[in-house]
Amino acid sequence: MSSNSLGQVETKRFIHKDTFALKSGKTLQGFEMVYQTYGELNEAKDNAILICHALSGNHHVAGLNEEDKKGWWDDMVGPNKAFDTNKYFIVGCNNLGGCHGSTGPNSINPENNLAYGSSFPMVTVGDWVKSQDLLRTHLGLPYWYAVIGGSLGGMQALQWSIDYPDLVKKIVVIAAAAKLSAQNIAFNEIARQAILADPNYNSEDKLPKTGLGLARMLGHITYLSDDAMREKFGRDMKKDEVNFSYDVEFEVESYLRYQGESFSNRFDAHTYLLMTKVLDYFDPAEAHGGDLSKTLKTVTAKTLLIAFSSDWRFSPERSRELANAFIEAKKDISFLEIDSPHGHDAFLMPSETYDNAVQTFLEKNE
Amino acid sequence: MNKLIGNFIQPEARVLDLGCGDGSLLAFLRKNNQVRGLGLEIDHQKIQDCLQKDVNVIDQDIDSGLSNFQDQSFDAVIMSQSIQALRKPEVALEEITRIGKEAIISIPNFANWRCRLQLIFGGTMPVSSALPHDWYSTPNIHLCSLKDFERLCVAHGAEILERRLLSFDGQEQTFMKAAPNLLTEIALYRVKARN
């Protein structure tokens, strides 16, 4: 095993027994949340970092799980990596509504002893942050030294700094936005329609795998840049000649079908629907009449925003909007736009500039 | 130079440093003037240096505009020896005085006697320690003299509150007052928008 791998990691379970009120007005009769931790909490308890996952992520951030599978951010989280577990006590959890062990659509609804399925209540980024704060208390952490995330994970980091200014010292918001654009919502809506239109949606014994696969195929296109797709697939064909049919011919078709299929075997369609809605509803400025800088007035966390040049899902411009609101609110803000050909997915991949920036930002305190 | 700029800045002022480089001026001002600073820089190595100093920095090209900054939102805006490298110095000057209650601008003086001699007797574009680049690779595309800069201020609504005459190493030199446009190597101005 290489010296910068965490090796086998253990999944733990936090059980919250009290009623948990959601923004929608609905409630959960308690919840369970699975999480993993890496590194050691120091004596002062001032080195705890929460890493929030994005749409299809979960609590298995780094190391190897029971099935020997690497965590989704193993490239950047571990000993001597960008998020260094020799220095920090890092926590990853599966958000409510997820399908990897935390209370979600696959859980049993105590009211009728049936799986929630599509009746699982709608959750929001604010609800997640509130539940993550209960986990913080459970872990005996006085505050988070930092909350970090990319994409939807970055939105949670931002929400943390707004909702609990006294409980987070630094946030790193990567490849995110202060709210979704009409185009973002439009893509999410097509993904949802793909699932909802699947005849197996809400069926008793079958899963809407075709719909979920389609949703994932669509999502994948938005995670990659035009250049990255050209580089990776171009117009390469599986065979030398076209066969004038609707079978898989181009490499890109094959790739997308594979991605869609494998995703539909490991992810839950209800969770996917829910996560896209969480994204659509995210708009912390709404509570202040759409004024983002006003929303940020109470923030005390030092903030680092990172965007990637070829990301068109949440483009650098969206991060600049956020940076400008921080500037207007007279907050401690740094912003870096990293050149990358990898589109939105760049946030998952280490690079020298990226790693150095997050490491240094976390380390330095004047 | 840092100290001279520091003298122009009120304690706990909010300062924007345009082209902040490695952040050393803002770090100096934080220590000596307790300022809350923000830098703009596009060189990623220098941005990294800023983070290393825990200096707030935004990855933004001044030439692409500064419209994201509110009117009079900073107590001071600093532009240290970079106005000559901008595509539109006159627009930048207007923007700087719009954003800052005061602006602190330094310029390398192209009418300095050494530059004049190089051009007259050498017949080549001047190269010096303040302007070390060859003509073809210089980022300094809008070089000017003190006289030129002061004319620009008049034409673009900036009032000069103070002027200091310095040598290349940033030391104030009183003898330069005898013939500022000929002797000065770097000029440091404190300006604001004319009411």
# chains A, B, ... in the order shown; residues from 1 in each chain; ligands from 1
>>> closest_atom_pairs(of="chain B", to="chain A", cutoff="10 Å", atoms="only C-alpha atoms", output="Markdown table")
| residue | atom | partner | partner_atom | distance |
| --- | --- | --- | --- | --- |
| B:Arg14 | CA | A:Lys330 | CA | 8.7 |
| B:Ala27 | CA | A:Glu366 | CA | 9.4 |
| B:Arg30 | CA | A:Glu366 | CA | 9.5 |
| B:Lys31 | CA | A:Glu366 | CA | 9.6 |
| B:Arg36 | CA | A:Asp332 | CA | 8.5 |
| B:Gly37 | CA | A:Asp332 | CA | 8.7 |
| B:Leu38 | CA | A:Ile333 | CA | 8.0 |
| B:Gly39 | CA | A:Ser334 | CA | 8.8 |
| B:Leu40 | CA | A:Ser334 | CA | 9.5 |
| B:Glu41 | CA | A:Leu336 | CA | 9.6 |
| B:Ile42 | CA | A:Leu336 | CA | 8.9 |
| B:His44 | CA | A:Thr353 | CA | 7.6 |
| B:Gln45 | CA | A:Thr353 | CA | 8.3 |
| B:Ile47 | CA | A:Leu336 | CA | 7.9 |
| B:Gln48 | CA | A:Ala357 | CA | 6.1 |
| B:Asp49 | CA | A:Thr360 | CA | 9.2 |
| B:Cys50 | CA | A:Ser334 | CA | 9.4 |
| B:Leu51 | CA | A:Phe361 | CA | 5.8 |
| B:Gln52 | CA | A:Thr360 | CA | 5.8 |
| B:Lys53 | CA | A:Lys364 | CA | 7.1 |
| B:Asp54 | CA | A:Lys364 | CA | 5.7 |
| B:Val55 | CA | A:Ser334 | CA | 8.2 |
| B:Asn56 | CA | A:Ser334 | CA | 5.0 |
| B:Val57 | CA | A:Ser334 | CA | 4.7 |
| B:Ile58 | CA | A:Phe335 | CA | 4.7 |
| B:Asp59 | CA | A:Leu336 | CA | 5.1 |
| B:Gln60 | CA | A:Leu336 | CA | 8.6 |
| B:Asn68 | CA | A:Asn324 | CA | 6.3 |
| B:Phe69 | CA | A:Glu328 | CA | 7.5 |
| B:Gln70 | CA | A:Glu328 | CA | 7.2 |
| B:Ser73 | CA | A:Glu328 | CA | 7.8 |
| B:Phe74 | CA | A:Lys330 | CA | 9.5 |
>>> write_last_selection(atoms="C-alpha atoms", output="PDB file, in the first residue's frame")
ATOM      1  CA  ARG B  14      -9.956  49.174   3.454  1.00  0.00           C
ATOM      2  CA  ALA B  27       1.034  42.136   4.198  1.00  0.00           C
ATOM      3  CA  ARG B  30      -1.766  44.783   7.473  1.00  0.00           C
ATOM      4  CA  LYS B  31       1.098  44.706   9.940  1.00  0.00           C
ATOM      5  CA  ARG B  36      -8.094  45.107   5.596  1.00  0.00           C
ATOM      6  CA  GLY B  37      -6.724  44.528   2.161  1.00  0.00           C
ATOM      7  CA  LEU B  38      -7.675  42.889  -1.084  1.00  0.00           C
ATOM      8  CA  GLY B  39      -5.360  42.342  -4.016  1.00  0.00           C
ATOM      9  CA  LEU B  40      -5.963  41.748  -7.712  1.00  0.00           C
ATOM     10  CA  GLU B  41      -3.480  39.586  -9.577  1.00  0.00           C
ATOM     11  CA  ILE B  42      -3.446  37.286 -12.606  1.00  0.00           C
ATOM     12  CA  HIS B  44      -0.942  32.241 -10.426  1.00  0.00           C
ATOM     13  CA  GLN B  45       2.481  31.910  -8.805  1.00  0.00           C
ATOM     14  CA  ILE B  47      -1.543  34.443  -6.188  1.00  0.00           C
ATOM     15  CA  GLN B  48      -0.009  31.454  -4.448  1.00  0.00           C
ATOM     16  CA  ASP B  49       2.490  33.814  -2.763  1.00  0.00           C
ATOM     17  CA  CYS B  50      -0.445  35.942  -1.571  1.00  0.00           C
ATOM     18  CA  LEU B  51      -2.174  32.903  -0.067  1.00  0.00           C
ATOM     19  CA  GLN B  52       1.129  32.044   1.569  1.00  0.00           C
ATOM     20  CA  LYS B  53       1.019  35.450   3.274  1.00  0.00           C
ATOM     21  CA  ASP B  54      -2.676  35.034   4.086  1.00  0.00           C
ATOM     22  CA  VAL B  55      -3.430  38.031   1.880  1.00  0.00           C
ATOM     23  CA  ASN B  56      -6.865  38.123   0.241  1.00  0.00           C
ATOM     24  CA  VAL B  57      -6.459  37.967  -3.515  1.00  0.00           C
ATOM     25  CA  ILE B  58      -8.783  37.845  -6.502  1.00  0.00           C
ATOM     26  CA  ASP B  59      -7.742  36.323  -9.814  1.00  0.00           C
ATOM     27  CA  GLN B  60      -8.817  39.204 -12.046  1.00  0.00           C
ATOM     28  CA  ASN B  68     -17.514  44.621 -10.243  1.00  0.00           C
ATOM     29  CA  PHE B  69     -16.287  47.091  -7.624  1.00  0.00           C
ATOM     30  CA  GLN B  70     -18.787  49.517  -6.072  1.00  0.00           C
ATOM     31  CA  SER B  73     -16.116  51.109  -1.656  1.00  0.00           C
ATOM     32  CA  PHE B  74     -12.445  51.264  -0.667  1.00  0.00           C
TER      33      PHE B  74
END
>>> residues_around(residues="Trp113 (chain B)", least_positions_apart="4", cutoff="10 Å", atoms="only C-alpha atoms", output="number ranges by chain")
B: 109, 117-119, 181-185
>>> write_last_selection(atoms="C-alpha atoms", output="short mmCIF file (atom, residue, chain, number, x, y, z; two decimals), in the first residue's frame")
data_model
loop_
_atom_site.label_atom_id
_atom_site.label_comp_id
_atom_site.auth_asym_id
_atom_site.auth_seq_id
_atom_site.Cartn_x
_atom_site.Cartn_y
_atom_site.Cartn_z
CA ASN B 109 9.13 58.37 -15.30
CA LEU B 117 20.09 60.24 -23.04
CA GLN B 118 19.63 56.66 -24.18
CA LEU B 119 17.17 57.76 -26.80
CA ASN B 181 10.24 65.70 -14.88
CA LEU B 182 13.93 65.37 -15.69
CA LEU B 183 15.33 63.92 -12.48
CA THR B 184 12.58 61.75 -11.01
CA GLU B 185 12.83 58.02 -11.55
#
>>> atom_distance(atom1="CA of Thr11 (chain A)", atom2="CA of Leu141 (chain A)")
18.5 Å
>>> closest_residue(among="A:Asp280, A:Glu286, A:Asp247, A:Asp166", to="Asn188 (chain A)", atoms="only C-alpha atoms")
A:Asp280
>>> atom_distance(atom1="CA of Asp311 (chain A)", atom2="CA of Phe347 (chain A)")
9.3 Å
>>> closest_residue(among="B:Glu94, B:Thr174, B:Ala111, B:Ile105", to="Arg194 (chain B)", atoms="only C-alpha atoms")
B:Glu94
>>> residues_around(residues="Pro132 (chain B)", least_positions_apart="6", cutoff="12 Å", atoms="only C-alpha atoms", output="number ranges by chain")
B: 108, 115, 125-126, 138-140, 168
>>> closest_residue(among="A:Thr124, A:Asn106, A:Asn200, A:Asn47", to="Pro142 (chain A)", atoms="only C-alpha atoms")
A:Asn47
>>> atom_distance(atom1="CA of Thr85 (chain A)", atom2="CA of Glu43 (chain A)")
15.3 Å
>>> select_by_dssp(residues="region 30-107 of chain B", states="strand (DSSP E or B)", output="PDB file with N, CA and C atoms, in the first residue's frame")
ATOM      1  N   ARG B  36      -7.444  46.281   6.169  1.00  0.00           N
ATOM      2  CA  ARG B  36      -8.094  45.107   5.596  1.00  0.00           C
ATOM      3  C   ARG B  36      -7.926  45.217   4.097  1.00  0.00           C
ATOM      4  N   GLY B  37      -7.100  44.370   3.554  1.00  0.00           N
ATOM      5  CA  GLY B  37      -6.724  44.528   2.161  1.00  0.00           C
ATOM      6  C   GLY B  37      -7.280  43.461   1.242  1.00  0.00           C
ATOM      7  N   LEU B  38      -7.313  43.833  -0.035  1.00  0.00           N
ATOM      8  CA  LEU B  38      -7.675  42.889  -1.084  1.00  0.00           C
ATOM      9  C   LEU B  38      -6.780  43.196  -2.276  1.00  0.00           C
ATOM     10  N   GLY B  39      -6.228  42.143  -2.862  1.00  0.00           N
ATOM     11  CA  GLY B  39      -5.360  42.342  -4.016  1.00  0.00           C
ATOM     12  C   GLY B  39      -5.977  41.760  -5.274  1.00  0.00           C
ATOM     13  N   LEU B  40      -5.608  42.332  -6.416  1.00  0.00           N
ATOM     14  CA  LEU B  40      -5.963  41.748  -7.712  1.00  0.00           C
ATOM     15  C   LEU B  40      -4.682  41.307  -8.394  1.00  0.00           C
ATOM     16  N   GLU B  41      -4.683  40.107  -8.935  1.00  0.00           N
ATOM     17  CA  GLU B  41      -3.480  39.586  -9.577  1.00  0.00           C
ATOM     18  C   GLU B  41      -3.895  38.515 -10.584  1.00  0.00           C
ATOM     19  N   VAL B  57      -6.826  37.656  -2.133  1.00  0.00           N
ATOM     20  CA  VAL B  57      -6.459  37.967  -3.515  1.00  0.00           C
ATOM     21  C   VAL B  57      -7.511  37.432  -4.479  1.00  0.00           C
ATOM     22  N   ILE B  58      -7.804  38.233  -5.484  1.00  0.00           N
ATOM     23  CA  ILE B  58      -8.783  37.845  -6.502  1.00  0.00           C
ATOM     24  C   ILE B  58      -8.051  37.711  -7.837  1.00  0.00           C
ATOM     25  N   ASP B  59      -8.325  36.605  -8.499  1.00  0.00           N
ATOM     26  CA  ASP B  59      -7.742  36.323  -9.814  1.00  0.00           C
ATOM     27  C   ASP B  59      -8.536  37.126 -10.842  1.00  0.00           C
ATOM     28  N   PHE B  74     -13.721  51.440  -1.359  1.00  0.00           N
ATOM     29  CA  PHE B  74     -12.445  51.264  -0.667  1.00  0.00           C
ATOM     30  C   PHE B  74     -11.916  52.626  -0.216  1.00  0.00           C
ATOM     31  N   ASP B  75     -11.241  52.632   0.936  1.00  0.00           N
ATOM     32  CA  ASP B  75     -10.647  53.883   1.409  1.00  0.00           C
ATOM     33  C   ASP B  75      -9.486  54.277   0.514  1.00  0.00           C
ATOM     34  N   ALA B  76      -8.763  53.287   0.037  1.00  0.00           N
ATOM     35  CA  ALA B  76      -7.640  53.579  -0.855  1.00  0.00           C
ATOM     36  C   ALA B  76      -7.483  52.473  -1.885  1.00  0.00           C
ATOM     37  N   VAL B  77      -7.222  52.911  -3.108  1.00  0.00           N
ATOM     38  CA  VAL B  77      -6.894  51.953  -4.169  1.00  0.00           C
ATOM     39  C   VAL B  77      -5.457  52.224  -4.588  1.00  0.00           C
ATOM     40  N   ILE B  78      -4.655  51.166  -4.601  1.00  0.00           N
ATOM     41  CA  ILE B  78      -3.236  51.330  -4.913  1.00  0.00           C
ATOM     42  C   ILE B  78      -2.939  50.746  -6.288  1.00  0.00           C
ATOM     43  N   MET B  79      -2.202  51.502  -7.086  1.00  0.00           N
ATOM     44  CA  MET B  79      -1.713  50.935  -8.336  1.00  0.00           C
ATOM     45  C   MET B  79      -0.230  51.269  -8.451  1.00  0.00           C
ATOM     46  N   SER B  80       0.571  50.273  -8.140  1.00  0.00           N
ATOM     47  CA  SER B  80       1.996  50.512  -8.022  1.00  0.00           C
ATOM     48  C   SER B  80       2.716  50.108  -9.304  1.00  0.00           C
ATOM     49  N   GLY B 100     -12.106  54.078  -5.258  1.00  0.00           N
ATOM     50  CA  GLY B 100     -11.400  54.467  -4.041  1.00  0.00           C
ATOM     51  C   GLY B 100     -11.720  55.893  -3.626  1.00  0.00           C
ATOM     52  N   LYS B 101     -11.843  56.107  -2.330  1.00  0.00           N
ATOM     53  CA  LYS B 101     -11.980  57.478  -1.830  1.00  0.00           C
ATOM     54  C   LYS B 101     -10.687  58.227  -2.146  1.00  0.00           C
ATOM     55  N   GLU B 102      -9.594  57.485  -2.120  1.00  0.00           N
ATOM     56  CA  GLU B 102      -8.312  58.019  -2.592  1.00  0.00           C
ATOM     57  C   GLU B 102      -7.619  56.950  -3.413  1.00  0.00           C
ATOM     58  N   ALA B 103      -6.716  57.393  -4.273  1.00  0.00           N
ATOM     59  CA  ALA B 103      -5.942  56.428  -5.040  1.00  0.00           C
ATOM     60  C   ALA B 103      -4.469  56.747  -4.862  1.00  0.00           C
ATOM     61  N   ILE B 104      -3.663  55.704  -4.776  1.00  0.00           N
ATOM     62  CA  ILE B 104      -2.218  55.891  -4.676  1.00  0.00           C
ATOM     63  C   ILE B 104      -1.598  55.224  -5.904  1.00  0.00           C
ATOM     64  N   ILE B 105      -0.993  56.056  -6.735  1.00  0.00           N
ATOM     65  CA  ILE B 105      -0.500  55.558  -8.016  1.00  0.00           C
ATOM     66  C   ILE B 105       0.970  55.915  -8.157  1.00  0.00           C
ATOM     67  N   SER B 106       1.781  54.926  -8.513  1.00  0.00           N
ATOM     68  CA  SER B 106       3.168  55.271  -8.815  1.00  0.00           C
ATOM     69  C   SER B 106       3.457  54.948 -10.268  1.00  0.00           C
ATOM     70  N   ILE B 107       4.323  55.768 -10.863  1.00  0.00           N
ATOM     71  CA  ILE B 107       4.673  55.557 -12.275  1.00  0.00           C
ATOM     72  C   ILE B 107       6.186  55.659 -12.462  1.00  0.00           C
TER      73      ILE B 107
END
>>> residues_around(residues="Ile5 (chain B)", least_positions_apart="3", cutoff="9 Å", atoms="only C-alpha atoms", output="list in words")
Met1, Asn2, Phe8, Ile9, Leu25, Leu29, Ile78, Ile104 and Leu188 of chain B
>>> write_last_selection(atoms="C-alpha atoms", output="mmCIF file, in the first residue's frame")
data_model
loop_
_atom_site.group_PDB
_atom_site.id
_atom_site.type_symbol
_atom_site.label_atom_id
_atom_site.label_comp_id
_atom_site.auth_asym_id
_atom_site.auth_seq_id
_atom_site.Cartn_x
_atom_site.Cartn_y
_atom_site.Cartn_z
ATOM 1 C CA MET B 1 8.317 52.513 -1.012
ATOM 2 C CA ASN B 2 6.016 50.386 1.174
ATOM 3 C CA PHE B 8 -0.671 57.726 2.880
ATOM 4 C CA ILE B 9 -3.013 55.192 4.438
ATOM 5 C CA LEU B 25 2.650 45.455 0.224
ATOM 6 C CA LEU B 29 0.085 47.387 5.425
ATOM 7 C CA ILE B 78 -3.236 51.330 -4.913
ATOM 8 C CA ILE B 104 -2.218 55.891 -4.676
ATOM 9 C CA LEU B 188 4.232 58.489 -6.298
#
>>> residues_around(residues="region 149-162 of chain B", least_positions_apart="6", cutoff="6 Å", atoms="only C-alpha atoms", output="list in words")
Tyr189, Arg190, Val191, Lys192, Ala193 and Arg194 of chain B
>>> residues_around(residues="Leu28 (chain A)", least_positions_apart="4", cutoff="9 Å", atoms="only C-alpha atoms", output="PyMOL selection string")
chain A and resi 18-22+109+121
